[in-house]
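The file entry09.csv comes next; it holds CSV, C-alpha atoms and all ligand atoms.
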chain,number,residue,atom,x,y,z
A,1,MET,CA,-3.7,10.1,-0.5
A,2,GLU,CA,-5.0,9.4,-4.0
A,3,PHE,CA,-3.4,6.4,-5.5
A,4,SER,CA,-2.3,8.3,-8.6
A,5,GLU,CA,-0.6,10.9,-6.4
A,6,THR,CA,1.3,8.1,-4.6
A,7,VAL,CA,2.5,6.7,-7.8
A,8,GLN,CA,3.5,10.1,-9.2
A,9,GLN,CA,5.2,11.3,-6.1
A,10,ARG,CA,7.2,8.2,-5.2
A,11,ARG,CA,10.9,8.6,-5.8
A,12,SER,CA,14.1,6.8,-4.9
A,13,ILE,CA,15.5,8.7,-2.0
A,14,LYS,CA,19.1,8.6,-1.0
A,15,SER,CA,19.2,11.2,1.7
A,16,TYR,CA,17.6,10.4,5.1
A,17,GLN,CA,17.2,12.1,8.4
A,18,PRO,CA,19.4,9.9,10.6
A,19,GLY,CA,18.1,8.8,14.0
A,20,ARG,CA,14.4,8.9,13.1
A,21,GLU,CA,12.8,5.7,14.1
A,22,ILE,CA,10.1,3.6,12.5
A,23,SER,CA,8.7,1.4,15.3
A,24,ASP,CA,8.2,-2.3,15.0
A,25,ALA,CA,4.5,-1.7,15.2
A,26,GLU,CA,4.6,0.7,12.3
A,27,LEU,CA,6.8,-1.5,10.3
A,28,LYS,CA,4.5,-4.4,10.9
A,29,GLU,CA,1.5,-2.4,9.7
A,30,LEU,CA,3.4,-1.6,6.5
A,31,MET,CA,4.4,-5.3,6.0
A,32,GLN,CA,0.8,-6.4,6.5
A,33,GLU,CA,0.0,-4.6,3.3
A,34,VAL,CA,3.1,-5.7,1.6
A,35,VAL,CA,2.3,-9.4,2.1
A,36,LEU,CA,-0.9,-8.9,0.2
A,37,SER,CA,1.3,-8.7,-3.0
A,38,PRO,CA,0.6,-11.2,-5.7
A,39,SER,CA,2.8,-14.2,-6.3
A,40,SER,CA,2.6,-17.1,-8.7
A,41,PHE,CA,0.4,-19.9,-7.1
A,42,ASN,CA,0.4,-17.7,-4.0
A,43,LEU,CA,3.8,-19.1,-3.1
A,44,GLN,CA,5.0,-15.9,-1.5
A,45,HIS,CA,8.6,-16.4,-2.2
A,46,TRP,CA,9.6,-13.3,-0.1
A,47,THR,CA,11.3,-12.9,3.2
A,48,PHE,CA,12.2,-9.5,4.5
A,49,ILE,CA,15.2,-9.2,6.9
A,50,ALA,CA,15.0,-6.0,8.9
A,51,ALA,CA,18.6,-5.0,9.6
A,52,LYS,CA,18.4,-3.2,12.9
A,53,ASP,CA,21.7,-3.7,14.4
A,54,ALA,CA,23.9,-0.6,13.8
A,55,THR,CA,27.1,-2.7,13.2
A,56,LEU,CA,25.2,-5.0,10.8
A,57,LYS,CA,23.9,-1.9,8.9
A,58,GLU,CA,27.4,-0.6,8.6
A,59,LYS,CA,28.7,-3.9,7.3
A,60,ILE,CA,25.9,-4.0,4.7
A,61,LYS,CA,26.8,-0.5,3.7
A,62,ASP,CA,30.4,-1.5,3.1
A,63,ALA,CA,29.1,-4.4,0.9
A,64,ALA,CA,26.8,-1.9,-0.9
A,65,TRP,CA,29.3,0.4,-2.4
A,66,GLY,CA,29.2,2.6,0.7
A,67,GLN,CA,25.7,3.8,-0.2
A,68,GLU,CA,24.9,6.2,2.6
A,69,GLN,CA,21.1,5.5,2.7
A,70,VAL,CA,21.9,1.9,3.9
A,71,GLU,CA,23.0,3.4,7.2
A,72,THR,CA,21.0,6.6,7.6
A,73,CYS,CA,17.6,5.2,6.8
A,74,SER,CA,15.2,4.2,9.6
A,75,ALA,CA,14.6,0.6,8.5
A,76,LEU,CA,16.9,-1.3,6.1
A,77,LEU,CA,15.3,-4.3,4.6
A,78,VAL,CA,17.1,-7.1,2.8
A,79,ILE,CA,14.4,-8.4,0.5
A,80,CYS,CA,15.1,-12.1,-0.1
A,81,GLY,CA,13.6,-14.6,-2.5
A,82,LYS,CA,13.2,-18.3,-1.7
A,83,LEU,CA,14.4,-20.5,-4.6
A,84,ASN,CA,12.5,-23.6,-3.6
A,85,ALA,CA,9.3,-21.8,-2.5
A,86,HIS,CA,7.3,-24.4,-4.5
A,87,GLU,CA,8.1,-26.9,-1.8
A,88,ASP,CA,6.0,-24.9,0.6
A,89,ALA,CA,2.9,-25.5,-1.5
A,90,PRO,CA,1.4,-28.3,0.7
A,91,GLU,CA,1.6,-25.9,3.7
A,92,ILE,CA,0.2,-22.9,1.8
A,93,TYR,CA,-2.7,-24.9,0.4
A,94,GLN,CA,-3.5,-27.0,3.5
A,95,GLY,CA,-6.6,-24.9,4.2
A,96,ALA,CA,-7.9,-25.2,0.6
A,97,ALA,CA,-10.6,-27.6,-0.5
A,98,GLN,CA,-9.3,-31.1,-1.2
A,99,GLY,CA,-10.3,-30.8,-4.8
A,100,ILE,CA,-8.1,-27.7,-5.2
A,101,GLN,CA,-5.2,-29.4,-3.4
A,102,ASP,CA,-5.5,-32.5,-5.7
A,103,LYS,CA,-5.4,-30.3,-8.7
A,104,VAL,CA,-2.9,-27.6,-7.8
A,105,LEU,CA,-0.2,-29.4,-5.8
A,106,PRO,CA,0.9,-31.8,-8.6
A,107,MET,CA,0.7,-28.9,-11.1
A,108,ILE,CA,3.1,-26.8,-8.9
A,109,LYS,CA,5.5,-29.7,-8.4
A,110,ASN,CA,5.5,-30.5,-12.1
A,111,PHE,CA,6.0,-26.8,-13.1
A,112,TYR,CA,8.9,-26.0,-10.8
A,113,ASP,CA,10.7,-29.3,-9.8
A,114,GLY,CA,14.3,-29.4,-11.2
A,115,LYS,CA,14.0,-26.0,-13.0
A,116,ASP,CA,16.6,-23.9,-11.4
A,117,GLN,CA,16.3,-20.9,-13.7
A,118,LEU,CA,12.5,-20.8,-13.4
A,119,GLN,CA,12.8,-21.1,-9.6
A,120,ARG,CA,15.2,-18.2,-9.5
A,121,ASP,CA,13.1,-16.1,-11.9
A,122,GLU,CA,10.1,-16.6,-9.7
A,123,ALA,CA,11.9,-15.8,-6.5
A,124,ILE,CA,13.0,-12.5,-8.1
A,125,ARG,CA,9.6,-11.8,-9.7
A,126,SER,CA,7.6,-12.3,-6.5
A,127,ALA,CA,10.1,-10.4,-4.2
A,128,SER,CA,10.2,-7.6,-6.7
A,129,LEU,CA,6.4,-7.2,-6.9
A,130,ALA,CA,6.4,-7.1,-3.1
A,131,ALA,CA,9.2,-4.5,-3.2
A,132,MET,CA,7.1,-2.3,-5.4
A,133,VAL,CA,4.1,-2.6,-3.1
A,134,LEU,CA,6.4,-1.8,-0.2
A,135,MET,CA,7.6,1.4,-1.9
A,136,LEU,CA,4.1,2.6,-2.6
A,137,ALA,CA,2.6,1.6,0.8
A,138,ALA,CA,5.6,3.4,2.5
A,139,HIS,CA,5.1,6.5,0.4
A,140,ASN,CA,1.4,6.4,1.3
A,141,ARG,CA,2.5,6.7,5.0
A,142,GLY,CA,4.8,9.7,4.3
A,143,TRP,CA,7.9,7.5,4.3
A,144,ALA,CA,10.6,7.5,1.6
A,145,THR,CA,12.3,4.5,0.1
A,146,ALA,CA,15.3,3.5,-1.9
A,147,PRO,CA,15.5,0.2,-3.7
A,148,MET,CA,19.1,-1.0,-4.2
A,149,ILE,CA,20.8,-3.7,-6.3
A,150,GLY,CA,24.2,-2.1,-5.9
A,151,PHE,CA,25.6,-4.6,-3.4
A,152,ASP,CA,27.7,-7.7,-3.2
A,153,PRO,CA,25.1,-10.5,-2.9
A,154,GLU,CA,27.6,-13.1,-1.5
A,155,VAL,CA,28.7,-10.8,1.3
A,156,VAL,CA,25.2,-9.6,2.2
A,157,SER,CA,24.0,-13.2,2.2
A,158,LYS,CA,26.6,-14.1,4.7
A,159,LEU,CA,25.9,-11.1,6.9
A,160,VAL,CA,22.2,-12.0,7.3
A,161,ASN,CA,22.8,-15.8,7.3
A,162,LEU,CA,21.0,-16.7,4.2
A,163,LYS,CA,20.8,-20.4,3.4
A,164,PRO,CA,21.7,-21.6,-0.1
A,165,ASN,CA,18.0,-21.7,-1.0
A,166,TYR,CA,17.6,-18.0,-0.5
A,167,ILE,CA,18.9,-15.1,-2.6
A,168,PRO,CA,19.1,-11.4,-1.7
A,169,VAL,CA,16.9,-9.8,-4.4
A,170,MET,CA,17.3,-6.2,-3.4
A,171,LEU,CA,18.0,-3.9,-0.4
A,172,MET,CA,15.3,-1.4,0.5
A,173,ALA,CA,15.9,1.7,2.6
A,174,VAL,CA,12.8,3.1,4.4
A,175,GLY,CA,12.9,6.3,6.3
A,176,PHE,CA,12.3,10.0,6.4
A,177,LYS,CA,13.7,12.1,3.5
A,178,LYS,CA,16.1,14.8,4.4
A,179,GLU,CA,15.8,16.8,1.2
A,180,GLU,CA,13.8,16.8,-2.0
A,181,PRO,CA,15.4,14.7,-4.7
A,182,ARG,CA,16.5,16.3,-8.0
A,183,PRO,CA,13.7,16.4,-10.7
A,184,ARG,CA,12.7,13.1,-12.1
A,185,ASP,CA,15.0,11.6,-14.7
A,186,TYR,CA,14.0,11.0,-18.3
A,187,ARG,CA,11.2,8.5,-18.9
A,188,ARG,CA,10.9,6.9,-22.3
A,189,PRO,CA,7.6,8.0,-24.1
A,190,ILE,CA,4.6,5.7,-23.9
A,191,GLU,CA,4.5,5.1,-27.7
A,192,GLU,CA,8.0,3.7,-27.4
A,193,VAL,CA,7.3,1.4,-24.4
A,194,VAL,CA,3.8,0.2,-25.2
A,195,LYS,CA,3.5,-1.6,-28.6
A,196,ILE,CA,0.4,-2.9,-30.2
A,197,ASN,CA,0.3,-6.7,-30.8
A,198,THR,CA,4.0,-7.3,-31.5
A,199,LEU,CA,7.3,-5.8,-30.4
A,200,ASP,CA,7.7,-4.2,-33.9
A,201,GLY,CA,4.0,-3.0,-33.9
A,202,PRO,CA,3.0,0.6,-33.7
A,203,GLY,CA,3.4,2.4,-30.4
A,204,LEU,CA,0.3,3.3,-28.4
A,205,MET,CA,-0.8,6.8,-29.3
A,206,GLY,CA,-4.1,7.5,-27.7
B,301,LIG,C1,15.9,-3.0,-8.7
B,301,LIG,C2,16.5,-1.6,-8.5
B,301,LIG,C3,17.8,-1.4,-8.0
B,301,LIG,C4,18.3,-0.1,-7.8
B,301,LIG,N1,19.5,0.0,-7.3
B,301,LIG,C5,19.9,1.2,-6.9
B,301,LIG,C6,21.2,1.4,-6.2
B,301,LIG,O1,21.9,0.4,-5.9
B,301,LIG,N2,21.6,2.6,-5.9
B,301,LIG,C7,20.8,3.7,-6.2
B,301,LIG,O2,21.3,4.8,-5.9
B,301,LIG,N3,19.7,3.6,-6.9
B,301,LIG,C8,19.2,2.4,-7.2
B,301,LIG,N4,18.0,2.2,-7.8
B,301,LIG,C9,17.1,3.4,-8.0
B,301,LIG,C10,17.0,3.8,-9.5
B,301,LIG,O3,18.2,4.5,-9.9
B,301,LIG,C11,15.8,4.7,-9.7
B,301,LIG,O4,14.6,3.9,-9.4
B,301,LIG,C12,15.6,5.3,-11.1
B,301,LIG,O5,16.7,6.1,-11.3
B,301,LIG,C13,14.3,6.0,-11.2
B,301,LIG,O6,14.2,7.0,-10.2
B,301,LIG,P1,12.9,7.1,-9.3
B,301,LIG,O7,12.9,5.8,-8.5
B,301,LIG,O8,13.2,8.3,-8.3
B,301,LIG,O9,11.7,7.3,-10.1
B,301,LIG,C14,17.4,1.0,-8.1
B,301,LIG,C15,16.1,0.8,-8.5
B,301,LIG,C16,15.6,-0.5,-8.7
B,301,LIG,C17,14.2,-0.7,-9.2

Translate this file's structure into structure tokens.
Ligand SMILES: Cc1cc2nc3c(=O)[nH]c(=O)nc-3n(C[C@H](O)[C@H](O)[C@H](O)COP(=O)(O)O)c2cc1C
Amino acid sequence: MEFSETVQQRRSIKSYQPGREISDAELKELMQEVVLSPSSFNLQHWTFIAAKDATLKEKIKDAAWGQEQVETCSALLVICGKLNAHEDAPEIYQGAAQGIQDKVLPMIKNFYDGKDQLQRDEAIRSASLAAMVLMLAAHNRGWATAPMIGFDPEVVSKLVNLKPNYIPVMLMAVGFKKEEPRPRDYRRPIEEVVKINTLDGPGLMG
């Protein structure tokens, strides 16, 4: 599939064919692409929890405003972000040249240590970029997806045993769509969302 088609056709799908499976092998292939997503300093703040257990899915659905796609999708992923991912830098850079380690490791420590808001922003940024890649890579395979922030983060964290250094960034349903979604909703025009030089500059016309 052409990449532009993938981008243009992807939609958030709420209605799934229940009972259709995505195998572990298929999910793994998808995730092998997802982990190629970019992250600051390559810290890879993401962890994806695949909720397979039917009871768990039901409980997550209850914590997610009863959204049906949580239960009927083939694979429900709780996309998590690690707040202290910068502490993994020595492990991530262990194969890098000594010169790079000497330069980058203190830089990472200095940049993130003690900065809670930044750590949280980064966890959300990285996990969100990976989520976007996931949606496009899934669409490319003929699968539908639904990103969700409509859930109680405390309840979901407990259900999947998150430690305090992890946050649930979003839920992602992956599966086979049952019906076509309604036509796309309004998108703001480009000249309104792309500005030249400053926020109050002219909009991109082209
Ligand atoms: C971070 C995020 C959270 C979302 N949460 C929900 C949600 O909880 N429930 C829902 O039905 N849709 C949710 N959506 C889907 C949006 O409503 C949808 O992306 C938007 O309306 C545009 O439609 P499209 O994705 O089909 O282009 C979410 C989307 C994003 C990116």

- Which is closest to ligand LIG 301 (chain B) among A:Ile124, A:Met170, A:Ala50, A:Leu204, if we use only C-alpha atoms and all ligand atoms? A:Met170

- Write out as JSON, numbers by chain each polymer residue whose atoms come within 12 Å of A:Glu26, counting all atoms listed in the file; drop sequence neighbours fewer than 3 positions from it. {"A": [21, 22, 23, 29, 30, 31, 32, 33, 74, 75, 137, 138, 141, 143, 174, 175]}

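For the residues A:Ser157, A:Gln117, A:Ser15, A:Thr55, ranking by smallest atom-to-atom distance to ligand LIG 301 (chain B) using only C-alpha atoms and all ligand atoms places A:Ser15 first.
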
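For A:Glu191, the non-local neighbours within 9 Å, defined as residues at least 6 positions apart in the same chain or in other chains and counting all atoms listed in the file, are Pro202, Gly203, Leu204, Met205 and Gly206 of chain A.
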
- Query: Interatomic distance between atom CA of A:Arg120 and atom CA of A:Ser40?
  - Reply: 12.7 Å

- Contacts with ligand LIG 301 (chain B) at most 12 Å, only C-alpha atoms and all ligand atoms counted, listed as a PyMOL selection string: chain A and resi 6-15+61+63-70+79+124-125+127-136+139+144-153+168-173+180-188

- Message: Just to confirm, what's the straight-line distance from atom CA of A:Leu76 to atom CA of A:Leu27 in Å (one decimal)?
- Response: 10.9 Å

- Note on the structure: As a check of understanding: the span from atom CA of A:Gln94 to atom CA of A:Asp113 is 19.6 Å
